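Visitor: Okay, so here is input.txt, and as you'll see once you scroll down, it has compact mmCIF, N, CA and C atoms.
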# COMPACT_ATOMS: atom_id res chain seq x y z
N MET A 1 -10.17 -8.43 22.99
CA MET A 1 -9.61 -7.20 23.50
C MET A 1 -8.11 -7.36 23.73
N PHE A 2 -7.70 -8.40 24.45
CA PHE A 2 -6.30 -8.63 24.72
C PHE A 2 -5.51 -8.88 23.44
N PHE A 3 -6.13 -9.62 22.51
CA PHE A 3 -5.46 -9.94 21.24
C PHE A 3 -5.16 -8.66 20.46
N ARG A 4 -6.11 -7.74 20.41
CA ARG A 4 -5.90 -6.47 19.70
C ARG A 4 -4.81 -5.64 20.37
N LEU A 5 -4.81 -5.62 21.69
CA LEU A 5 -3.79 -4.87 22.42
C LEU A 5 -2.41 -5.46 22.16
N LYS A 6 -2.31 -6.77 22.18
CA LYS A 6 -1.04 -7.45 21.90
C LYS A 6 -0.60 -7.17 20.46
N ALA A 7 -1.54 -7.19 19.53
CA ALA A 7 -1.22 -6.93 18.13
C ALA A 7 -0.72 -5.49 17.95
N ARG A 8 -1.37 -4.54 18.60
CA ARG A 8 -0.95 -3.14 18.52
C ARG A 8 0.45 -2.93 19.09
N ALA A 9 0.71 -3.57 20.22
CA ALA A 9 2.04 -3.45 20.84
C ALA A 9 3.12 -4.07 19.95
N GLY A 10 2.83 -5.22 19.39
CA GLY A 10 3.78 -5.88 18.49
C GLY A 10 4.01 -5.05 17.24
N TYR A 11 2.96 -4.47 16.70
CA TYR A 11 3.08 -3.64 15.50
C TYR A 11 3.90 -2.38 15.80
N TRP A 12 3.64 -1.76 16.96
CA TRP A 12 4.39 -0.57 17.34
C TRP A 12 5.89 -0.89 17.42
N LEU A 13 6.23 -2.00 18.06
CA LEU A 13 7.62 -2.40 18.18
C LEU A 13 8.22 -2.74 16.81
N ALA A 14 7.45 -3.44 15.99
CA ALA A 14 7.94 -3.82 14.66
C ALA A 14 8.23 -2.59 13.80
N ARG A 15 7.38 -1.57 13.88
CA ARG A 15 7.63 -0.35 13.11
C ARG A 15 8.92 0.33 13.57
N ARG A 16 9.23 0.25 14.86
CA ARG A 16 10.49 0.83 15.37
C ARG A 16 11.69 0.02 14.90
N LEU A 17 11.58 -1.31 14.99
CA LEU A 17 12.69 -2.18 14.61
C LEU A 17 12.91 -2.21 13.10
N PHE A 18 11.90 -1.85 12.33
CA PHE A 18 12.00 -1.86 10.87
C PHE A 18 13.12 -0.94 10.39
N HIS A 19 13.44 0.08 11.14
CA HIS A 19 14.47 1.04 10.75
C HIS A 19 15.87 0.60 11.17
N TRP A 20 15.98 -0.51 11.84
CA TRP A 20 17.29 -1.04 12.22
C TRP A 20 17.68 -2.08 11.18
N SER A 21 18.55 -1.70 10.26
CA SER A 21 18.88 -2.57 9.12
C SER A 21 19.47 -3.91 9.56
N TRP A 22 20.23 -3.94 10.63
CA TRP A 22 20.81 -5.21 11.06
C TRP A 22 19.72 -6.19 11.48
N PHE A 23 18.62 -5.69 12.04
CA PHE A 23 17.51 -6.56 12.45
C PHE A 23 16.73 -7.05 11.24
N VAL A 24 16.51 -6.17 10.29
CA VAL A 24 15.74 -6.52 9.09
C VAL A 24 16.49 -7.57 8.26
N ARG A 25 17.81 -7.51 8.25
CA ARG A 25 18.61 -8.46 7.46
C ARG A 25 18.64 -9.86 8.05
N GLN A 26 18.27 -9.99 9.31
CA GLN A 26 18.24 -11.31 9.94
C GLN A 26 16.96 -12.04 9.51
N PRO A 27 17.08 -13.25 8.97
CA PRO A 27 15.86 -13.96 8.51
C PRO A 27 14.79 -14.11 9.59
N ARG A 28 15.21 -14.46 10.80
CA ARG A 28 14.22 -14.60 11.88
C ARG A 28 13.62 -13.25 12.25
N GLY A 29 14.44 -12.20 12.23
CA GLY A 29 13.95 -10.85 12.53
C GLY A 29 12.94 -10.40 11.50
N TRP A 30 13.27 -10.61 10.21
CA TRP A 30 12.35 -10.19 9.15
C TRP A 30 11.04 -10.98 9.22
N LYS A 31 11.15 -12.27 9.51
CA LYS A 31 9.93 -13.09 9.59
C LYS A 31 9.03 -12.59 10.71
N TRP A 32 9.62 -12.23 11.86
CA TRP A 32 8.83 -11.70 12.96
C TRP A 32 8.19 -10.37 12.58
N LEU A 33 8.97 -9.48 11.96
CA LEU A 33 8.42 -8.19 11.53
C LEU A 33 7.24 -8.38 10.59
N GLU A 34 7.44 -9.24 9.61
CA GLU A 34 6.39 -9.48 8.63
C GLU A 34 5.12 -10.03 9.28
N GLY A 35 5.28 -10.89 10.26
CA GLY A 35 4.13 -11.42 10.99
C GLY A 35 3.37 -10.33 11.72
N GLN A 36 4.09 -9.39 12.33
CA GLN A 36 3.44 -8.28 13.04
C GLN A 36 2.70 -7.38 12.06
N PHE A 37 3.34 -7.08 10.92
CA PHE A 37 2.70 -6.22 9.92
C PHE A 37 1.45 -6.89 9.36
N ALA A 38 1.56 -8.18 9.06
CA ALA A 38 0.42 -8.92 8.49
C ALA A 38 -0.73 -9.01 9.49
N ARG A 39 -0.42 -9.26 10.76
CA ARG A 39 -1.47 -9.39 11.77
C ARG A 39 -2.26 -8.09 11.88
N MET A 40 -1.55 -6.98 11.95
CA MET A 40 -2.24 -5.70 12.12
C MET A 40 -3.03 -5.33 10.87
N ALA A 41 -2.47 -5.63 9.69
CA ALA A 41 -3.19 -5.36 8.45
C ALA A 41 -4.46 -6.20 8.36
N ASN A 42 -4.38 -7.45 8.79
CA ASN A 42 -5.55 -8.33 8.77
C ASN A 42 -6.61 -7.93 9.77
N LEU A 43 -6.20 -7.20 10.81
CA LEU A 43 -7.18 -6.69 11.78
C LEU A 43 -7.91 -5.45 11.26
N GLY A 44 -7.50 -4.95 10.09
CA GLY A 44 -8.20 -3.84 9.47
C GLY A 44 -7.62 -2.47 9.76
N ASP A 45 -6.42 -2.40 10.31
CA ASP A 45 -5.78 -1.11 10.56
C ASP A 45 -5.33 -0.52 9.23
N VAL A 46 -5.86 0.64 8.88
CA VAL A 46 -5.61 1.26 7.57
C VAL A 46 -4.13 1.59 7.39
N GLY A 47 -3.51 2.14 8.41
CA GLY A 47 -2.09 2.47 8.33
C GLY A 47 -1.23 1.24 8.09
N ALA A 48 -1.57 0.14 8.78
CA ALA A 48 -0.82 -1.10 8.61
C ALA A 48 -1.07 -1.69 7.22
N GLN A 49 -2.29 -1.59 6.71
CA GLN A 49 -2.58 -2.08 5.37
C GLN A 49 -1.76 -1.31 4.34
N SER A 50 -1.69 -0.01 4.51
CA SER A 50 -0.91 0.81 3.59
C SER A 50 0.58 0.48 3.69
N PHE A 51 1.10 0.44 4.90
CA PHE A 51 2.52 0.18 5.11
C PHE A 51 2.92 -1.20 4.59
N TYR A 52 2.22 -2.23 5.01
CA TYR A 52 2.56 -3.59 4.60
C TYR A 52 2.26 -3.80 3.12
N GLY A 53 1.21 -3.15 2.62
CA GLY A 53 0.92 -3.24 1.19
C GLY A 53 2.05 -2.67 0.35
N HIS A 54 2.63 -1.55 0.77
CA HIS A 54 3.76 -0.98 0.06
C HIS A 54 4.96 -1.93 0.09
N ILE A 55 5.22 -2.52 1.25
CA ILE A 55 6.34 -3.46 1.36
C ILE A 55 6.15 -4.63 0.41
N LEU A 56 4.98 -5.25 0.44
CA LEU A 56 4.74 -6.41 -0.41
C LEU A 56 4.74 -6.07 -1.89
N THR A 57 4.19 -4.91 -2.23
CA THR A 57 4.10 -4.54 -3.64
C THR A 57 5.48 -4.27 -4.23
N PHE A 58 6.31 -3.58 -3.49
CA PHE A 58 7.58 -3.15 -4.06
C PHE A 58 8.79 -3.97 -3.62
N ARG A 59 8.68 -4.73 -2.53
CA ARG A 59 9.81 -5.52 -2.05
C ARG A 59 9.48 -6.99 -1.86
N GLY A 60 8.22 -7.35 -2.07
CA GLY A 60 7.82 -8.74 -1.85
C GLY A 60 8.42 -9.67 -2.89
N VAL A 61 8.58 -10.91 -2.53
CA VAL A 61 9.16 -11.90 -3.42
C VAL A 61 8.04 -12.73 -4.04
N GLY A 62 7.95 -12.68 -5.36
CA GLY A 62 6.97 -13.48 -6.09
C GLY A 62 5.71 -12.72 -6.43
N LEU A 63 4.98 -13.25 -7.39
CA LEU A 63 3.75 -12.63 -7.86
C LEU A 63 2.68 -12.61 -6.77
N GLY A 64 2.62 -13.64 -5.96
CA GLY A 64 1.62 -13.69 -4.88
C GLY A 64 1.80 -12.56 -3.88
N ALA A 65 3.05 -12.24 -3.57
CA ALA A 65 3.31 -11.15 -2.63
C ALA A 65 2.87 -9.83 -3.24
N ARG A 66 3.16 -9.62 -4.51
CA ARG A 66 2.77 -8.37 -5.17
C ARG A 66 1.26 -8.24 -5.23
N GLU A 67 0.58 -9.31 -5.57
CA GLU A 67 -0.89 -9.27 -5.64
C GLU A 67 -1.50 -8.99 -4.26
N GLU A 68 -0.94 -9.59 -3.22
CA GLU A 68 -1.44 -9.33 -1.86
C GLU A 68 -1.16 -7.89 -1.47
N GLY A 69 0.00 -7.38 -1.87
CA GLY A 69 0.33 -5.98 -1.59
C GLY A 69 -0.64 -5.03 -2.25
N VAL A 70 -0.98 -5.29 -3.50
CA VAL A 70 -1.94 -4.44 -4.22
C VAL A 70 -3.31 -4.53 -3.56
N ARG A 71 -3.68 -5.73 -3.10
CA ARG A 71 -4.97 -5.89 -2.42
C ARG A 71 -5.02 -5.05 -1.14
N LEU A 72 -3.94 -5.11 -0.36
CA LEU A 72 -3.89 -4.33 0.87
C LEU A 72 -3.88 -2.83 0.58
N LEU A 73 -3.14 -2.42 -0.44
CA LEU A 73 -3.13 -1.00 -0.82
C LEU A 73 -4.53 -0.55 -1.24
N ARG A 74 -5.22 -1.39 -1.98
CA ARG A 74 -6.58 -1.05 -2.43
C ARG A 74 -7.52 -0.88 -1.23
N LEU A 75 -7.41 -1.78 -0.25
CA LEU A 75 -8.24 -1.66 0.96
C LEU A 75 -7.95 -0.36 1.70
N ALA A 76 -6.66 -0.04 1.85
CA ALA A 76 -6.28 1.20 2.54
C ALA A 76 -6.74 2.42 1.74
N ALA A 77 -6.63 2.36 0.42
CA ALA A 77 -7.05 3.48 -0.41
C ALA A 77 -8.55 3.72 -0.29
N LEU A 78 -9.32 2.67 -0.32
CA LEU A 78 -10.77 2.81 -0.21
C LEU A 78 -11.19 3.32 1.17
N ALA A 79 -10.30 3.13 2.16
CA ALA A 79 -10.57 3.66 3.50
C ALA A 79 -10.10 5.11 3.65
N GLY A 80 -9.48 5.66 2.59
CA GLY A 80 -9.11 7.07 2.61
C GLY A 80 -7.63 7.38 2.76
N ASP A 81 -6.76 6.39 2.72
CA ASP A 81 -5.32 6.63 2.84
C ASP A 81 -4.80 7.21 1.51
N GLY A 82 -4.28 8.42 1.55
CA GLY A 82 -3.84 9.12 0.35
C GLY A 82 -2.66 8.48 -0.35
N LYS A 83 -1.67 8.05 0.41
CA LYS A 83 -0.48 7.45 -0.19
C LYS A 83 -0.83 6.13 -0.88
N ALA A 84 -1.66 5.33 -0.24
CA ALA A 84 -2.09 4.07 -0.84
C ALA A 84 -2.92 4.32 -2.09
N ALA A 85 -3.81 5.31 -2.05
CA ALA A 85 -4.64 5.62 -3.21
C ALA A 85 -3.78 6.07 -4.38
N TYR A 86 -2.77 6.88 -4.12
CA TYR A 86 -1.87 7.33 -5.18
C TYR A 86 -1.16 6.14 -5.82
N GLN A 87 -0.66 5.22 -5.00
CA GLN A 87 0.05 4.06 -5.53
C GLN A 87 -0.88 3.14 -6.31
N VAL A 88 -2.11 2.96 -5.85
CA VAL A 88 -3.06 2.12 -6.58
C VAL A 88 -3.35 2.76 -7.93
N GLY A 89 -3.44 4.09 -7.97
CA GLY A 89 -3.61 4.78 -9.25
C GLY A 89 -2.44 4.52 -10.19
N MET A 90 -1.23 4.60 -9.67
CA MET A 90 -0.04 4.33 -10.50
C MET A 90 -0.04 2.89 -11.01
N ILE A 91 -0.39 1.96 -10.15
CA ILE A 91 -0.42 0.54 -10.53
C ILE A 91 -1.53 0.30 -11.56
N SER A 92 -2.68 0.95 -11.36
CA SER A 92 -3.79 0.79 -12.30
C SER A 92 -3.43 1.31 -13.68
N LEU A 93 -2.71 2.41 -13.73
CA LEU A 93 -2.32 2.98 -15.02
C LEU A 93 -1.27 2.12 -15.71
N ALA A 94 -0.37 1.53 -14.95
CA ALA A 94 0.68 0.68 -15.51
C ALA A 94 0.16 -0.72 -15.83
N GLY A 95 -0.82 -1.19 -15.07
CA GLY A 95 -1.32 -2.55 -15.25
C GLY A 95 -0.50 -3.53 -14.43
N THR A 96 -1.02 -4.72 -14.27
CA THR A 96 -0.33 -5.80 -13.56
C THR A 96 -0.36 -7.02 -14.46
N PRO A 97 0.40 -8.06 -14.12
CA PRO A 97 0.36 -9.27 -14.94
C PRO A 97 -1.04 -9.88 -15.05
N SER A 98 -1.88 -9.65 -14.06
CA SER A 98 -3.22 -10.23 -14.09
C SER A 98 -4.30 -9.24 -14.52
N LYS A 99 -3.92 -7.97 -14.76
CA LYS A 99 -4.93 -6.96 -15.09
C LYS A 99 -4.35 -5.93 -16.06
N ALA A 100 -5.11 -5.59 -17.09
CA ALA A 100 -4.68 -4.62 -18.09
C ALA A 100 -4.70 -3.20 -17.51
N PRO A 101 -3.93 -2.28 -18.09
CA PRO A 101 -3.97 -0.90 -17.62
C PRO A 101 -5.37 -0.31 -17.71
N ASP A 102 -5.76 0.45 -16.69
CA ASP A 102 -7.10 1.01 -16.61
C ASP A 102 -7.02 2.48 -16.19
N PRO A 103 -6.99 3.42 -17.17
CA PRO A 103 -6.89 4.84 -16.83
C PRO A 103 -8.07 5.36 -16.01
N ALA A 104 -9.26 4.82 -16.21
CA ALA A 104 -10.43 5.27 -15.45
C ALA A 104 -10.27 4.91 -13.96
N GLU A 105 -9.77 3.73 -13.68
CA GLU A 105 -9.54 3.34 -12.29
C GLU A 105 -8.42 4.16 -11.68
N ALA A 106 -7.39 4.46 -12.47
CA ALA A 106 -6.30 5.30 -11.99
C ALA A 106 -6.83 6.68 -11.60
N ALA A 107 -7.68 7.24 -12.44
CA ALA A 107 -8.26 8.56 -12.14
C ALA A 107 -9.11 8.50 -10.88
N ARG A 108 -9.85 7.42 -10.71
CA ARG A 108 -10.69 7.27 -9.51
C ARG A 108 -9.84 7.29 -8.24
N PHE A 109 -8.76 6.50 -8.25
CA PHE A 109 -7.92 6.43 -7.05
C PHE A 109 -7.11 7.71 -6.85
N TRP A 110 -6.69 8.36 -7.93
CA TRP A 110 -6.00 9.63 -7.77
C TRP A 110 -6.95 10.69 -7.22
N GLY A 111 -8.23 10.59 -7.55
CA GLY A 111 -9.22 11.49 -6.96
C GLY A 111 -9.32 11.29 -5.45
N ILE A 112 -9.29 10.03 -5.02
CA ILE A 112 -9.30 9.74 -3.58
C ILE A 112 -8.05 10.30 -2.93
N ALA A 113 -6.91 10.12 -3.59
CA ALA A 113 -5.64 10.62 -3.04
C ALA A 113 -5.64 12.14 -2.97
N ALA A 114 -6.20 12.79 -3.97
CA ALA A 114 -6.25 14.26 -3.97
C ALA A 114 -7.12 14.76 -2.82
N LYS A 115 -8.24 14.08 -2.58
CA LYS A 115 -9.10 14.46 -1.46
C LYS A 115 -8.40 14.28 -0.12
N ALA A 116 -7.50 13.28 -0.07
CA ALA A 116 -6.76 13.03 1.17
C ALA A 116 -5.55 13.96 1.30
N GLY A 117 -5.30 14.76 0.27
CA GLY A 117 -4.23 15.74 0.35
C GLY A 117 -2.89 15.28 -0.20
N HIS A 118 -2.87 14.24 -1.00
CA HIS A 118 -1.59 13.79 -1.58
C HIS A 118 -1.11 14.83 -2.59
N PRO A 119 0.14 15.29 -2.48
CA PRO A 119 0.60 16.41 -3.32
C PRO A 119 0.72 16.10 -4.81
N LEU A 120 0.95 14.86 -5.19
CA LEU A 120 1.14 14.54 -6.61
C LEU A 120 -0.13 14.07 -7.31
N ALA A 121 -1.16 13.76 -6.56
CA ALA A 121 -2.37 13.20 -7.16
C ALA A 121 -3.04 14.17 -8.12
N GLU A 122 -3.13 15.44 -7.73
CA GLU A 122 -3.75 16.44 -8.60
C GLU A 122 -2.97 16.60 -9.90
N ILE A 123 -1.66 16.55 -9.81
CA ILE A 123 -0.81 16.66 -11.01
C ILE A 123 -1.06 15.48 -11.93
N LYS A 124 -1.13 14.28 -11.39
CA LYS A 124 -1.38 13.08 -12.20
C LYS A 124 -2.77 13.13 -12.84
N LEU A 125 -3.75 13.65 -12.13
CA LEU A 125 -5.09 13.79 -12.72
C LEU A 125 -5.07 14.74 -13.91
N LYS A 126 -4.35 15.85 -13.77
CA LYS A 126 -4.24 16.81 -14.87
C LYS A 126 -3.50 16.21 -16.05
N GLU A 127 -2.41 15.47 -15.79
CA GLU A 127 -1.67 14.82 -16.86
C GLU A 127 -2.55 13.81 -17.59
N LEU A 128 -3.33 13.04 -16.86
CA LEU A 128 -4.21 12.05 -17.45
C LEU A 128 -5.28 12.71 -18.29
N ALA A 129 -5.83 13.81 -17.80
CA ALA A 129 -6.87 14.53 -18.55
C ALA A 129 -6.30 15.12 -19.83
N SER A 130 -5.09 15.68 -19.76
CA SER A 130 -4.49 16.26 -20.96
C SER A 130 -4.09 15.18 -21.95
N ARG A 131 -3.67 14.03 -21.45
CA ARG A 131 -3.33 12.91 -22.33
C ARG A 131 -4.57 12.39 -23.06
N ASP A 132 -5.69 12.32 -22.33
CA ASP A 132 -6.93 11.87 -22.93
C ASP A 132 -7.48 12.88 -23.93
N SER A 133 -7.26 14.16 -23.68
CA SER A 133 -7.77 15.17 -24.60
C SER A 133 -6.96 15.23 -25.90
N LEU A 134 -5.73 14.72 -25.89
CA LEU A 134 -4.91 14.69 -27.10
C LEU A 134 -5.32 13.58 -28.04
N LYS A 135 -6.02 12.59 -27.53
CA LYS A 135 -6.42 11.45 -28.37
C LYS A 135 -7.57 11.80 -29.26
What is this file in structure tokens?

Guide:
Amino acid sequence: MFFRLKARAGYWLARRLFHWSWFVRQPRGWKWLEGQFARMANLGDVGAQSFYGHILTFRGVGLGAREEGVRLLRLAALAGDGKAAYQVGMISLAGTPSKAPDPAEAARFWGIAAKAGHPLAEIKLKELASRDSLK
């Protein structure tokens, strides 16, 4: 109980400090922020999984960071996070170094994003359907 409360408080503070560029640029500051984001994501918080997954996928250093980011985004997407589902669809369509492009998986995740109300997911589903009908 106390551990979860401490993790939530640390995550709340880290999300606030994340917008202070001088703090993010400090190596010790960034390391602390990353620890708070990772802790909350590992506790199963969908918002933290989505947020930290986006950071690792698009700003992480190295293939391992990107793969972990995609894993966290996938977890958040399966839990119903629209933004994460949209990004997993984009990644699935583009492919990764360890996985070939998969339009069916992209459509699946865009469907989840559309149900969650993501504004671009429906457009991407229509584009994918029209692209498939041209083949």

Visitor: Residues at most 6.5 Å from range 40-50 of chain A, counting all atoms listed in the file, excluding those fewer than 6 positions away in the same chain, as a VMD selection string?

Guide: chain A and resid 7 72 to 73 76 84

Visitor: To one decimal in Å, tell me the separation between CA of Gly29 in chain A and atom N of Met1 in chain A.

Guide: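 Here the two named atoms are 26.4 Å from each other.
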
Visitor: Could you give me, as a Markdown table, a per-residue list for range 43-85 of chain A showing, wherever an atom lies at most 7 Å from an atom of range 109-116 of chain A, the closest pair of atoms and their distance in Å to one decimal, using only C-alpha atoms and sorting by chain then residue number from low to high?

Guide:
| residue | atom | partner | partner_atom | distance |
| --- | --- | --- | --- | --- |
| A:Gly80 | CA | A:Ala116 | CA | 6.6 |
| A:Asp81 | CA | A:Ala116 | CA | 6.8 |
| A:Gly82 | CA | A:Ala113 | CA | 4.1 |
| A:Lys83 | CA | A:Ala113 | CA | 6.7 |
| A:Ala85 | CA | A:Ala113 | CA | 5.1 |

Visitor: Got a sec to tell me which of chain A DSSP assigns to alpha helix (DSSP H), as a PyMOL selection string?

Guide: chain A and resi 2-17+21-24+27-42+46-59+63-78+82-94+103-115+121-134

Visitor: What gap, in Å, lies between atom N of Arg71 in chain A and CA of Ile55 in chain A?

Guide: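 Separating atom N of Arg71 in chain A from CA of Ile55 in chain A is a distance of 11.2 Å.
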
Visitor: Quick one: distance from atom C of Arg74 in chain A to atom C of Phe2 in chain A in Å, one decimal?

Guide: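 Atom C of Arg74 in chain A sits 26.0 Å away from atom C of Phe2 in chain A.
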
Visitor: Within 7 Å of (-2.8, 10.6, -10.7) (coordinates as in the file), grab all the protein and nucleic acid residues, counting only C-alpha atoms, and write them out as an mmCIF file with N, CA and C atoms, in the frame of the given file.

Guide:
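So the final result, stored in out08.cif, reads:
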data_model
loop_
_atom_site.group_PDB
_atom_site.id
_atom_site.type_symbol
_atom_site.label_atom_id
_atom_site.label_comp_id
_atom_site.auth_asym_id
_atom_site.auth_seq_id
_atom_site.Cartn_x
_atom_site.Cartn_y
_atom_site.Cartn_z
ATOM 1 N N TYR A 86 -2.770 6.880 -4.120
ATOM 2 C CA TYR A 86 -1.870 7.330 -5.180
ATOM 3 C C TYR A 86 -1.160 6.140 -5.820
ATOM 4 N N GLY A 89 -3.440 4.090 -7.970
ATOM 5 C CA GLY A 89 -3.610 4.780 -9.250
ATOM 6 C C GLY A 89 -2.440 4.520 -10.190
ATOM 7 N N MET A 90 -1.230 4.600 -9.670
ATOM 8 C CA MET A 90 -0.040 4.330 -10.500
ATOM 9 C C MET A 90 -0.040 2.890 -11.010
ATOM 10 N N ALA A 106 -7.390 4.460 -12.470
ATOM 11 C CA ALA A 106 -6.300 5.300 -11.990
ATOM 12 C C ALA A 106 -6.830 6.680 -11.600
ATOM 13 N N ALA A 107 -7.680 7.240 -12.440
ATOM 14 C CA ALA A 107 -8.260 8.560 -12.140
ATOM 15 C C ALA A 107 -9.110 8.500 -10.880
ATOM 16 N N TRP A 110 -6.690 8.360 -7.930
ATOM 17 C CA TRP A 110 -6.000 9.630 -7.770
ATOM 18 C C TRP A 110 -6.950 10.690 -7.220
ATOM 19 N N LEU A 120 0.950 14.860 -5.190
ATOM 20 C CA LEU A 120 1.140 14.540 -6.610
ATOM 21 C C LEU A 120 -0.130 14.070 -7.310
ATOM 22 N N ALA A 121 -1.160 13.760 -6.560
ATOM 23 C CA ALA A 121 -2.370 13.200 -7.160
ATOM 24 C C ALA A 121 -3.040 14.170 -8.120
ATOM 25 N N GLU A 122 -3.130 15.440 -7.730
ATOM 26 C CA GLU A 122 -3.750 16.440 -8.600
ATOM 27 C C GLU A 122 -2.970 16.600 -9.900
ATOM 28 N N ILE A 123 -1.660 16.550 -9.810
ATOM 29 C CA ILE A 123 -0.810 16.660 -11.010
ATOM 30 C C ILE A 123 -1.060 15.480 -11.930
ATOM 31 N N LYS A 124 -1.130 14.280 -11.390
ATOM 32 C CA LYS A 124 -1.380 13.080 -12.200
ATOM 33 C C LYS A 124 -2.770 13.130 -12.840
ATOM 34 N N LEU A 125 -3.750 13.650 -12.130
ATOM 35 C CA LEU A 125 -5.090 13.790 -12.720
ATOM 36 C C LEU A 125 -5.070 14.740 -13.910
#

Visitor: Enclose all atoms of range 98-110 of chain A listed in the file in an axis-aligned box, grow every side by 5 Å, and hand back centre and edge lengths in Å to one decimal, as lines of an AutoDock Vina configuration file.

Guide:
center_x = -6.3
center_y = 0.2
center_z = -12.5
size_x = 18.8
size_y = 30.9
size_z = 21.2

Visitor: Please return, as a CSV table (one decimal) with N, CA and C atoms, in the frame of the given file, all polymer residues that have at least one atom within 12 Å of the point (-0.7, -7.9, -13.3); use only C-alpha atoms and the file's own coordinate frame.

Guide:
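Below is the file selection-v5.csv, written as the result:
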chain,number,residue,atom,x,y,z
A,57,THR,N,4.2,-4.9,-2.2
A,57,THR,CA,4.1,-4.5,-3.6
A,57,THR,C,5.5,-4.3,-4.2
A,62,GLY,N,8.0,-12.7,-5.4
A,62,GLY,CA,7.0,-13.5,-6.1
A,62,GLY,C,5.7,-12.7,-6.4
A,63,LEU,N,5.0,-13.2,-7.4
A,63,LEU,CA,3.8,-12.6,-7.9
A,63,LEU,C,2.7,-12.6,-6.8
A,64,GLY,N,2.6,-13.6,-6.0
A,64,GLY,CA,1.6,-13.7,-4.9
A,64,GLY,C,1.8,-12.6,-3.9
A,65,ALA,N,3.0,-12.2,-3.6
A,65,ALA,CA,3.3,-11.2,-2.6
A,65,ALA,C,2.9,-9.8,-3.2
A,66,ARG,N,3.2,-9.6,-4.5
A,66,ARG,CA,2.8,-8.4,-5.2
A,66,ARG,C,1.3,-8.2,-5.2
A,67,GLU,N,0.6,-9.3,-5.6
A,67,GLU,CA,-0.9,-9.3,-5.6
A,67,GLU,C,-1.5,-9.0,-4.3
A,68,GLU,N,-0.9,-9.6,-3.2
A,68,GLU,CA,-1.4,-9.3,-1.9
A,68,GLU,C,-1.2,-7.9,-1.5
A,69,GLY,N,0.0,-7.4,-1.9
A,69,GLY,CA,0.3,-6.0,-1.6
A,69,GLY,C,-0.6,-5.0,-2.2
A,70,VAL,N,-1.0,-5.3,-3.5
A,70,VAL,CA,-1.9,-4.4,-4.2
A,70,VAL,C,-3.3,-4.5,-3.6
A,71,ARG,N,-3.7,-5.7,-3.1
A,71,ARG,CA,-5.0,-5.9,-2.4
A,71,ARG,C,-5.0,-5.0,-1.1
A,91,ILE,N,-0.4,2.0,-10.2
A,91,ILE,CA,-0.4,0.5,-10.5
A,91,ILE,C,-1.5,0.3,-11.6
A,92,SER,N,-2.7,1.0,-11.4
A,92,SER,CA,-3.8,0.8,-12.3
A,92,SER,C,-3.4,1.3,-13.7
A,93,LEU,N,-2.7,2.4,-13.7
A,93,LEU,CA,-2.3,3.0,-15.0
A,93,LEU,C,-1.3,2.1,-15.7
A,94,ALA,N,-0.4,1.5,-15.0
A,94,ALA,CA,0.7,0.7,-15.5
A,94,ALA,C,0.2,-0.7,-15.8
A,95,GLY,N,-0.8,-1.2,-15.1
A,95,GLY,CA,-1.3,-2.6,-15.2
A,95,GLY,C,-0.5,-3.5,-14.4
A,96,THR,N,-1.0,-4.7,-14.3
A,96,THR,CA,-0.3,-5.8,-13.6
A,96,THR,C,-0.4,-7.0,-14.5
A,97,PRO,N,0.4,-8.1,-14.1
A,97,PRO,CA,0.4,-9.3,-14.9
A,97,PRO,C,-1.0,-9.9,-15.0
A,98,SER,N,-1.9,-9.6,-14.1
A,98,SER,CA,-3.2,-10.2,-14.1
A,98,SER,C,-4.3,-9.2,-14.5
A,99,LYS,N,-3.9,-8.0,-14.8
A,99,LYS,CA,-4.9,-7.0,-15.1
A,99,LYS,C,-4.4,-5.9,-16.1
A,100,ALA,N,-5.1,-5.6,-17.1
A,100,ALA,CA,-4.7,-4.6,-18.1
A,100,ALA,C,-4.7,-3.2,-17.5
A,101,PRO,N,-3.9,-2.3,-18.1
A,101,PRO,CA,-4.0,-0.9,-17.6
A,101,PRO,C,-5.4,-0.3,-17.7
A,102,ASP,N,-5.8,0.4,-16.7
A,102,ASP,CA,-7.1,1.0,-16.6
A,102,ASP,C,-7.0,2.5,-16.2
